[in-house]
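To be precise, the following lines are upload.cif, and they hold mmCIF, C-alpha atoms.
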```cif
data_run
#
loop_
_atom_site.label_atom_id
_atom_site.label_comp_id
_atom_site.auth_asym_id
_atom_site.auth_seq_id
_atom_site.Cartn_x
_atom_site.Cartn_y
_atom_site.Cartn_z
CA MET A 1 102.57 170.40 77.74
CA SER A 2 100.69 167.47 76.37
CA ILE A 3 98.92 164.65 78.04
CA ILE A 4 99.08 161.08 76.83
CA THR A 5 95.95 159.22 77.84
CA ILE A 6 96.60 155.58 78.58
CA GLU A 7 94.00 154.00 80.89
CA ARG A 8 95.82 150.71 81.14
CA LYS A 9 96.06 148.22 83.95
CA VAL A 10 99.40 148.51 85.67
CA LEU A 11 99.78 144.74 85.82
CA GLU A 12 98.60 144.04 82.26
CA LYS A 13 101.90 142.42 81.36
CA ASN A 14 101.43 139.90 84.17
CA ASP A 15 97.78 139.43 83.17
CA GLU A 16 98.83 138.72 79.59
CA VAL A 17 101.31 136.02 80.64
CA ALA A 18 98.65 134.62 83.00
CA ARG A 19 96.24 134.43 80.05
CA GLN A 20 98.85 132.47 78.05
CA ASN A 21 99.42 130.14 81.02
CA ARG A 22 95.65 129.60 81.31
CA GLU A 23 95.45 128.77 77.60
CA LEU A 24 98.30 126.27 77.98
CA PHE A 25 96.56 124.64 80.96
CA ALA A 26 93.31 124.43 79.00
CA ASP A 27 95.08 122.85 76.01
CA HIS A 28 96.46 120.13 78.29
CA GLY A 29 93.29 119.74 80.38
CA ILE A 30 95.06 120.64 83.61
CA PHE A 31 93.12 121.85 86.64
CA VAL A 32 95.28 124.47 88.37
CA LEU A 33 95.04 125.78 91.91
CA ASN A 34 96.84 128.77 93.37
CA MET A 35 97.16 128.18 97.12
CA VAL A 36 97.57 131.31 99.21
CA SER A 37 97.73 132.07 102.93
CA SER A 38 99.81 133.81 105.55
CA PRO A 39 103.08 132.04 106.45
CA GLY A 40 102.49 129.00 108.63
CA ALA A 41 98.76 128.55 107.98
CA GLY A 42 99.44 125.03 106.73
CA LYS A 43 99.51 125.18 102.92
CA THR A 44 102.31 122.64 102.62
CA SER A 45 100.77 120.32 105.21
CA ILE A 46 97.43 120.39 103.38
CA LEU A 47 99.30 119.71 100.18
CA GLU A 48 101.02 116.69 101.76
CA ARG A 49 97.74 115.26 103.03
CA THR A 50 96.23 115.90 99.59
CA LEU A 51 99.07 114.09 97.83
CA GLU A 52 98.77 111.14 100.21
CA ARG A 53 95.10 110.83 99.36
CA LEU A 54 95.03 111.61 95.65
CA ARG A 55 98.37 110.72 94.07
CA ASN A 56 97.14 107.27 93.02
CA GLU A 57 93.92 108.67 91.54
CA LEU A 58 95.28 111.69 89.70
CA ASP A 59 98.53 112.77 88.07
CA ILE A 60 99.51 115.68 90.27
CA ALA A 61 102.38 118.15 89.97
CA VAL A 62 103.40 120.91 92.33
CA ILE A 63 105.05 124.30 91.95
CA GLU A 64 106.39 125.65 95.23
CA GLY A 65 107.01 129.36 95.75
CA ASP A 66 109.19 130.51 98.62
CA VAL A 67 111.38 133.49 99.39
CA GLN A 68 114.29 131.21 100.19
CA THR A 69 115.19 127.46 100.26
CA ASP A 70 113.81 124.41 98.45
CA LEU A 71 112.57 122.83 101.69
CA ASP A 72 108.96 122.67 100.50
CA ALA A 73 109.77 121.08 97.14
CA ARG A 74 111.76 118.45 99.01
CA ARG A 75 108.87 117.81 101.39
CA VAL A 76 106.52 117.36 98.47
CA ALA A 77 108.93 115.28 96.36
CA LYS A 78 108.74 112.52 99.01
CA TYR A 79 105.29 111.75 97.65
CA ASN A 80 106.81 110.91 94.25
CA VAL A 81 105.15 113.73 92.37
CA PRO A 82 106.98 116.17 90.10
CA ALA A 83 107.77 119.28 92.14
CA VAL A 84 109.44 122.49 90.98
CA GLN A 85 110.70 125.05 93.46
CA ILE A 86 110.61 128.77 92.61
CA VAL A 87 112.85 130.78 94.92
CA THR A 88 111.85 134.44 94.72
CA ARG A 89 114.92 135.70 96.65
CA GLY A 90 113.02 138.34 98.55
CA GLY A 91 110.01 138.61 96.26
CA CYS A 92 106.78 138.53 98.29
CA HIS A 93 104.60 136.77 95.70
CA LEU A 94 104.70 134.66 92.54
CA GLU A 95 104.18 136.29 89.17
CA ALA A 96 102.83 134.67 86.01
CA ASN A 97 106.19 134.68 84.21
CA LEU A 98 107.84 132.78 87.09
CA VAL A 99 105.16 130.11 86.78
CA ARG A 100 105.57 130.02 82.98
CA ASP A 101 109.32 129.45 83.40
CA ALA A 102 108.72 126.74 85.99
CA LEU A 103 106.38 124.92 83.58
CA ALA A 104 109.37 124.16 81.36
CA ASN A 105 110.42 121.64 84.03
CA LEU A 106 107.13 119.75 83.96
CA GLU A 107 105.69 117.33 81.48
CA LEU A 108 102.34 119.04 80.98
CA LYS A 109 100.62 116.26 79.06
CA ALA A 110 101.14 113.93 82.03
CA ILE A 111 99.40 116.22 84.55
CA ASP A 112 95.73 116.30 85.63
CA LEU A 113 96.12 118.62 88.59
CA LEU A 114 98.74 121.30 89.19
CA ILE A 115 98.92 122.87 92.61
CA ILE A 116 100.87 126.11 92.87
CA GLU A 117 101.78 126.95 96.45
CA ASN A 118 102.31 130.70 96.58
CA VAL A 119 104.65 132.59 98.88
CA GLY A 120 103.14 132.85 102.36
CA ASN A 121 101.63 136.34 102.36
CA LEU A 122 98.01 137.47 102.66
CA VAL A 123 98.50 140.73 100.75
CA CYS A 124 100.66 140.74 97.63
CA PRO A 125 99.72 137.46 95.88
CA SER A 126 96.12 138.66 95.52
CA ASN A 127 97.16 141.11 92.79
CA TYR A 128 98.88 138.57 90.58
CA ASP A 129 96.94 136.22 88.36
CA LEU A 130 99.07 133.16 87.57
CA GLY A 131 96.65 131.57 85.11
CA GLU A 132 95.03 129.33 87.72
CA ALA A 133 91.47 128.03 87.60
CA MET A 134 90.94 129.27 91.15
CA LYS A 135 92.62 130.54 94.25
CA VAL A 136 92.38 128.49 97.44
CA VAL A 137 92.95 130.54 100.56
CA VAL A 138 93.98 128.78 103.77
CA ALA A 139 93.22 130.44 107.11
CA SER A 140 94.24 128.71 110.31
CA THR A 141 92.56 128.94 113.69
CA THR A 142 95.79 130.12 115.32
CA GLU A 143 95.64 133.32 113.28
CA GLY A 144 92.38 134.39 114.92
CA ASP A 145 88.93 134.90 113.45
CA ASP A 146 89.38 138.48 112.18
CA LYS A 147 91.82 137.84 109.31
CA PRO A 148 89.26 137.90 106.47
CA LEU A 149 88.22 141.42 107.51
CA LYS A 150 91.82 142.56 107.82
CA TYR A 151 92.97 141.12 104.48
CA PRO A 152 89.81 141.28 102.38
CA ALA A 153 91.33 141.27 98.88
CA MET A 154 92.71 137.77 99.27
CA PHE A 155 89.41 136.33 100.49
CA ARG A 156 87.50 138.20 97.83
CA ASN A 157 89.62 136.77 95.01
CA ALA A 158 89.52 133.19 96.26
CA SER A 159 86.92 130.56 95.35
CA VAL A 160 87.73 128.11 98.13
CA LEU A 161 88.50 128.68 101.80
CA ILE A 162 90.18 126.00 103.90
CA LEU A 163 89.92 126.61 107.64
CA ASN A 164 92.89 124.68 108.95
CA LYS A 165 94.15 123.56 112.39
CA ILE A 166 90.64 123.01 113.72
CA ASP A 167 92.12 120.50 116.21
CA LEU A 168 93.63 123.50 118.02
CA LEU A 169 90.31 125.27 118.60
CA PRO A 170 90.17 124.38 122.32
CA TYR A 171 93.50 126.12 122.86
CA VAL A 172 93.21 129.33 120.82
CA GLN A 173 91.13 132.50 120.85
CA CYS A 174 89.27 131.76 117.67
CA ASN A 175 85.57 131.28 117.10
CA LEU A 176 85.23 129.09 114.01
CA SER A 177 81.74 130.27 113.12
CA ILE A 178 82.82 133.93 113.40
CA LEU A 179 85.86 133.20 111.23
CA LYS A 180 83.62 131.61 108.61
CA GLU A 181 81.04 134.38 108.87
CA ASN A 182 83.75 137.06 108.44
CA ALA A 183 85.03 135.32 105.30
CA LEU A 184 81.50 135.09 103.87
CA LYS A 185 80.95 138.80 104.57
CA ILE A 186 83.79 139.45 102.12
CA ASN A 187 82.95 136.70 99.66
CA PRO A 188 79.52 135.02 100.01
CA SER A 189 80.30 132.49 97.26
CA LEU A 190 83.31 130.85 98.96
CA THR A 191 83.26 127.04 99.19
CA VAL A 192 84.44 126.30 102.73
CA PHE A 193 86.27 123.26 104.15
CA GLU A 194 87.36 122.69 107.74
CA THR A 195 90.50 120.62 108.18
CA SER A 196 93.15 119.40 110.55
CA CYS A 197 96.33 118.00 109.04
CA THR A 198 97.21 116.46 112.41
CA THR A 199 94.03 114.43 112.95
CA GLY A 200 93.09 114.20 109.28
CA GLN A 201 89.63 115.61 109.97
CA GLY A 202 88.03 117.21 106.90
CA ILE A 203 90.79 116.13 104.51
CA ASP A 204 88.51 113.56 102.85
CA ALA A 205 85.83 116.15 102.04
CA TRP A 206 88.41 118.54 100.58
CA CYS A 207 90.08 115.81 98.52
CA GLU A 208 86.77 114.50 97.17
CA TRP A 209 85.82 117.99 96.06
CA LEU A 210 89.25 118.47 94.48
CA ALA A 211 89.25 115.13 92.67
CA GLU A 212 85.75 115.77 91.33
CA ASN A 213 86.71 119.21 90.01
CA SER A 214 89.97 117.95 88.49
CA ARG A 215 88.16 115.15 86.66
CA ARG A 216 85.54 117.53 85.36
CA LYS A 217 88.29 119.78 84.01
CA THR A 218 90.27 116.92 82.48
CA ALA A 219 87.14 115.55 80.82
CA SER A 220 86.10 118.88 79.30
CA MET B 1 106.44 144.94 99.32
CA HIS B 2 104.98 144.28 95.91
CA GLU B 3 104.85 148.08 95.44
CA LEU B 4 108.36 147.80 94.00
CA SER B 5 107.23 145.46 91.26
CA ILE B 6 104.18 147.66 90.63
CA ALA B 7 106.42 150.75 90.37
CA GLN B 8 108.56 148.86 87.85
CA SER B 9 105.46 148.01 85.80
CA ILE B 10 104.52 151.72 85.74
CA VAL B 11 108.03 152.64 84.55
CA ASP B 12 107.76 149.93 81.85
CA ILE B 13 104.44 151.37 80.64
CA ILE B 14 105.94 154.89 80.46
CA GLY B 15 108.75 153.35 78.41
CA GLN B 16 106.23 151.96 75.92
CA TYR B 17 104.67 155.38 75.29
CA VAL B 18 107.61 157.78 75.52
CA PRO B 19 110.67 157.13 73.35
CA GLN B 20 114.05 156.93 75.10
CA GLN B 21 115.22 160.35 73.86
CA ASP B 22 112.09 162.07 75.22
CA ARG B 23 111.89 160.48 78.67
CA HIS B 24 113.36 163.55 80.42
CA THR B 25 110.26 165.49 79.30
CA VAL B 26 107.93 163.37 81.45
CA ARG B 27 106.54 165.72 84.08
CA SER B 28 104.15 163.38 85.79
CA VAL B 29 102.33 160.10 85.52
CA LYS B 30 98.88 159.65 86.97
CA VAL B 31 97.84 156.31 88.41
CA ARG B 32 94.45 155.28 89.75
CA ILE B 33 94.43 153.12 92.86
CA GLY B 34 91.32 151.61 94.38
CA ASP B 35 90.80 151.14 98.09
CA LEU B 36 90.84 147.38 97.59
CA ALA B 37 93.80 147.26 95.19
CA GLY B 38 96.12 146.21 98.01
CA VAL B 39 98.62 148.93 97.18
CA VAL B 40 99.98 151.39 99.74
CA PRO B 41 100.21 154.81 98.03
CA ASP B 42 103.14 156.04 100.16
CA SER B 43 105.13 152.88 99.51
CA LEU B 44 104.39 153.09 95.81
CA SER B 45 105.58 156.74 95.69
CA PHE B 46 108.73 155.78 97.59
CA CYS B 47 109.46 152.85 95.27
CA PHE B 48 108.76 154.96 92.17
CA SER B 49 111.29 157.63 93.24
CA ALA B 50 113.79 154.97 94.21
CA ILE B 51 113.77 153.17 90.87
CA THR B 52 113.57 156.30 88.70
CA SER B 53 116.41 158.04 90.55
CA GLY B 54 119.37 158.52 88.21
CA THR B 55 117.26 157.73 85.12
CA PRO B 56 115.85 160.18 82.54
CA ILE B 57 112.46 160.17 84.32
CA ALA B 58 113.94 161.01 87.73
CA GLU B 59 112.02 164.30 87.78
CA ALA B 60 108.66 162.74 86.97
CA ILE B 61 106.04 163.02 89.70
CA LEU B 62 103.77 160.11 90.51
CA GLU B 63 100.24 161.42 90.98
CA ILE B 64 97.89 159.06 92.71
CA GLU B 65 94.15 159.24 92.17
CA HIS B 66 92.38 157.42 94.94
CA VAL B 67 89.21 155.48 94.08
CA PRO B 68 86.74 154.64 96.87
CA TYR B 69 85.27 151.19 97.30
CA VAL B 70 81.65 151.32 96.11
CA LEU B 71 79.16 148.46 96.25
CA HIS B 72 76.04 148.15 94.15
CA CYS B 73 73.21 146.24 95.78
CA THR B 74 70.92 144.41 93.39
CA ALA B 75 68.37 143.83 96.18
CA CYS B 76 67.71 147.47 97.13
CA GLN B 77 69.21 148.99 93.97
CA SER B 78 71.50 151.32 95.89
CA ASP B 79 75.16 152.29 95.55
CA SER B 80 77.12 152.85 98.73
CA THR B 81 80.62 153.15 100.07
CA THR B 82 81.48 150.72 102.83
CA GLU B 83 84.46 149.08 104.50
CA PRO B 84 86.68 147.95 101.57
CA GLY B 85 86.14 144.31 100.79
CA LEU B 86 82.80 143.84 102.52
CA ALA B 87 80.21 142.32 100.21
CA ILE B 88 77.24 143.21 102.43
CA CYS B 89 75.01 146.13 101.49
CA PRO B 90 75.27 148.66 104.37
CA ARG B 91 71.68 149.79 103.69
CA CYS B 92 69.66 146.59 103.55
CA GLY B 93 72.15 143.90 104.62
CA SER B 94 71.79 141.90 101.39
CA ARG B 95 74.74 139.92 99.99
CA GLN B 96 73.51 140.31 96.44
CA THR B 97 76.11 142.92 95.66
CA THR B 98 78.63 143.74 92.99
CA VAL B 99 81.71 145.92 93.30
CA LEU B 100 81.37 149.11 91.24
CA SER B 101 84.79 150.54 92.03
CA GLY B 102 87.75 150.17 94.34
CA THR B 103 89.81 147.44 92.67
CA GLU B 104 91.48 149.76 90.12
CA LEU B 105 95.20 149.69 89.54
CA GLN B 106 95.72 151.65 86.34
CA VAL B 107 98.05 154.07 84.63
CA VAL B 108 95.72 156.85 83.48
CA THR B 109 97.83 159.56 81.85
CA ILE B 110 101.41 160.63 81.22
CA ASP B 111 102.10 164.35 81.20
CA VAL B 112 105.01 165.42 78.98
CA ASP B 113 106.57 168.86 78.52
CA ASP B 114 106.92 169.40 74.76
CA ASP B 115 108.75 172.71 75.24
CA LEU B 116 111.87 171.14 76.69
CA PRO B 117 114.77 170.85 74.22
CA GLU B 118 115.91 167.42 73.18
CA HIS B 119 118.35 165.85 75.54
CA LEU B 120 121.94 166.30 74.44
#
```
Could you quickly redo this structure as structure tokens?
Amino acid sequence: MSIITIERKVLEKNDEVARQNRELFADHGIFVLNMVSSPGAGKTSILERTLERLRNELDIAVIEGDVQTDLDARRVAKYNVPAVQIVTRGGCHLEANLVRDALANLELKAIDLLIIENVGNLVCPSNYDLGEAMKVVVASTTEGDDKPLKYPAMFRNASVLILNKIDLLPYVQCNLSILKENALKINPSLTVFETSCTTGQGIDAWCEWLAENSRRKTAS
Amino acid sequence: MHELSIAQSIVDIIGQYVPQQDRHTVRSVKVRIGDLAGVVPDSLSFCFSAITSGTPIAEAILEIEHVPYVLHCTACQSDSTTEPGLAICPRCGSRQTTVLSGTELQVVTIDVDDDLPEHL
């Protein structure tokens, strides 16, 4: 018997491709977000409101990840931004090589901000670095206020938290301050926004933050 | 079910260390999984057997070393285990904490049987 000692990260191949993606984004001065949430939290709606607000200020491109269909890419394409759909055909998350392949369909030098909308899933995408500058996790009030405690890895790995569907607070069993507090128990350094895509509340604050961070990245 | 893709990554790593003709000698592979790695050990074992079935490493056993989630508190200088993911020190309540362990997802060792004859 002999033992081969390895001590290597299981996902190092993904991490290596993510590193190459990150280098490519840096070379082109692109600010990249990886948007994650459970299905139906409102990632695509936030994206639409964001495109409405910022498409004339910034050159934005979108990569959509879904298990099936190109419905989201079509929704986003209405805003006249380049949008690439990745269909994972059963895969529960995006991996760095899928993003790398999708980049071939985008003109990188013409992009300031790239938003990658991950597959709706609060578990699996947290393991896979795509090369993004930061993860943005969306949690909606209809999901209840305990989700950060139930799915801690995703909230821990994110830099920004968007609490969405705040217009529905009167109708759902969700205490917004408890939801926020639970998220901060997992990750005290989260930047938090509260939004409603229906009323538009909070979208300005989120977009101003995003535009400021994209410009800083593009300038550096 | 990202355990399937993780199982595939483990098989790929075995492939990098053990040449094709020796793969049947792999007795076991040890992986280290933290409490906060987001991986279900039973699912990973199931996926590993499923994708190795009918291959030279079909007999290889996946050993899982579990790593607890441990926080270090810079305020009270203590290390403690707590609910995985929580960033609050269970002793003093401070949020000035760093994670010491619990996020691991590593292949640690591969155990091969050198006494087995070469595959014919």
Checklist entry - What residues in chain A lie within 8 Å of chain B, counting only C-alpha atoms, written as a count of residues only? => result 27
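The coordinates place atom CA of Val192 of chain A at 24.5 Å from atom CA of Thr74 of chain B.
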Checklist entry - What do you get, as a list in words, if you spell out every residue that the PyMOL selection byres ((chain B and resi 49) around 12) selects here? => result Glu3, Leu4, Ala7, Gln8, Ile10, Val11, Ser28, Asp42, Ser43, Leu44, Ser45, Phe46, Cys47, Phe48, Ala50, Ile51, Thr52, Ser53, Gly54, Thr55, Pro56, Ile57, Ala58, Glu59, Ala60, Ile61, Leu62 and Glu63 of chain B
Taking (107.6, 122.0, 98.4) in the file's coordinates as the center, which residues reach within 8 Å of it, counting all atoms listed in the file, put as a PDB file with C-alpha atoms, keeping the file's coordinate frame?
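Once everything was written out, this is part00.pdb:
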```pdb
ATOM      1  CA  THR A  44     102.310 122.640 102.620  1.00  0.00           C
ATOM      2  CA  VAL A  62     103.400 120.910  92.330  1.00  0.00           C
ATOM      3  CA  ILE A  63     105.050 124.300  91.950  1.00  0.00           C
ATOM      4  CA  GLU A  64     106.390 125.650  95.230  1.00  0.00           C
ATOM      5  CA  GLY A  65     107.010 129.360  95.750  1.00  0.00           C
ATOM      6  CA  ASP A  70     113.810 124.410  98.450  1.00  0.00           C
ATOM      7  CA  LEU A  71     112.570 122.830 101.690  1.00  0.00           C
ATOM      8  CA  ASP A  72     108.960 122.670 100.500  1.00  0.00           C
ATOM      9  CA  ALA A  73     109.770 121.080  97.140  1.00  0.00           C
ATOM     10  CA  ARG A  74     111.760 118.450  99.010  1.00  0.00           C
ATOM     11  CA  ARG A  75     108.870 117.810 101.390  1.00  0.00           C
ATOM     12  CA  VAL A  76     106.520 117.360  98.470  1.00  0.00           C
ATOM     13  CA  ALA A  77     108.930 115.280  96.360  1.00  0.00           C
ATOM     14  CA  ALA A  83     107.770 119.280  92.140  1.00  0.00           C
ATOM     15  CA  VAL A  84     109.440 122.490  90.980  1.00  0.00           C
ATOM     16  CA  GLN A  85     110.700 125.050  93.460  1.00  0.00           C
ATOM     17  CA  GLU A 117     101.780 126.950  96.450  1.00  0.00           C
TER      18      GLU A 117
END
```
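Atom CA of Leu58 of chain A lies 10.2 Å from atom CA of Leu114 of chain A.
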Item to check | Residues within 12 Å of (69.9, 151.0, 92.1), counting all atoms listed in the file, listed as number ranges by chain | outcome: B: 71-80, 89, 91, 97-98, 100
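Interatomic distance, atom CA of Asp101 of chain A against atom CA of Gly42 of chain A: 25.7 Å.
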Checklist entry - Excluding same-chain residues fewer than 3 positions from Val119 of chain A, what lies within 10 Å of it counting only C-alpha atoms, as a VMD selection string? => result chain A and resid 35 to 39 43 64 to 68 86 to 88 91 to 94 116 122 124 to 125
Item to check | Selection dump of the PyMOL selection byres ((chain A and resi 132) around 8), as a ChimeraX atom specification | outcome: /A:18,22,31-34,129-131,133-135
How big is the axis-aligned box around the listed atoms of segment 13-17 of chain A once 5 Å is added on each side, and where is its centre? Give both in Å to one decimal, as AutoDock Vina command-line options.
```
--center_x 99.8 --center_y 139.2 --center_z 81.9 --size_x 14.1 --size_y 16.4 --size_z 14.6
```
Next on the checklist: List as a PyMOL selection string the protein and nucleic acid residues near Ala61 of chain A, meaning an atom at most 7 Å away when all atoms listed in the file are counted, but skip any in the same chain fewer than 3 places from it.
Outcome noted: chain A and resi 81-83+111+113-115
Would you kindly translate the PyMOL selection byres ((chain A and resi 172) around 12) into the concrete residues it picks from this file, as a compact mmCIF listing (two decimals) with C-alpha atoms, in the coordinates of the input?
```txt
# COMPACT_ATOMS: atom_id res chain seq x y z
CA SER A 140 94.24 128.71 110.31
CA THR A 141 92.56 128.94 113.69
CA THR A 142 95.79 130.12 115.32
CA GLU A 143 95.64 133.32 113.28
CA GLY A 144 92.38 134.39 114.92
CA ASP A 145 88.93 134.90 113.45
CA LYS A 165 94.15 123.56 112.39
CA ILE A 166 90.64 123.01 113.72
CA ASP A 167 92.12 120.50 116.21
CA LEU A 168 93.63 123.50 118.02
CA LEU A 169 90.31 125.27 118.60
CA PRO A 170 90.17 124.38 122.32
CA TYR A 171 93.50 126.12 122.86
CA GLN A 173 91.13 132.50 120.85
CA CYS A 174 89.27 131.76 117.67
CA ASN A 175 85.57 131.28 117.10
CA LEU A 176 85.23 129.09 114.01
```
Next on the checklist: Give me the residues near Arg100 of chain A as an MDAnalysis selection string, where near means some atom within 8 Å (using all atoms listed in the file) and where sequence neighbours in that chain fewer than 4 positions away do not count.
Outcome noted: chainID A and resid 17 21 96 104
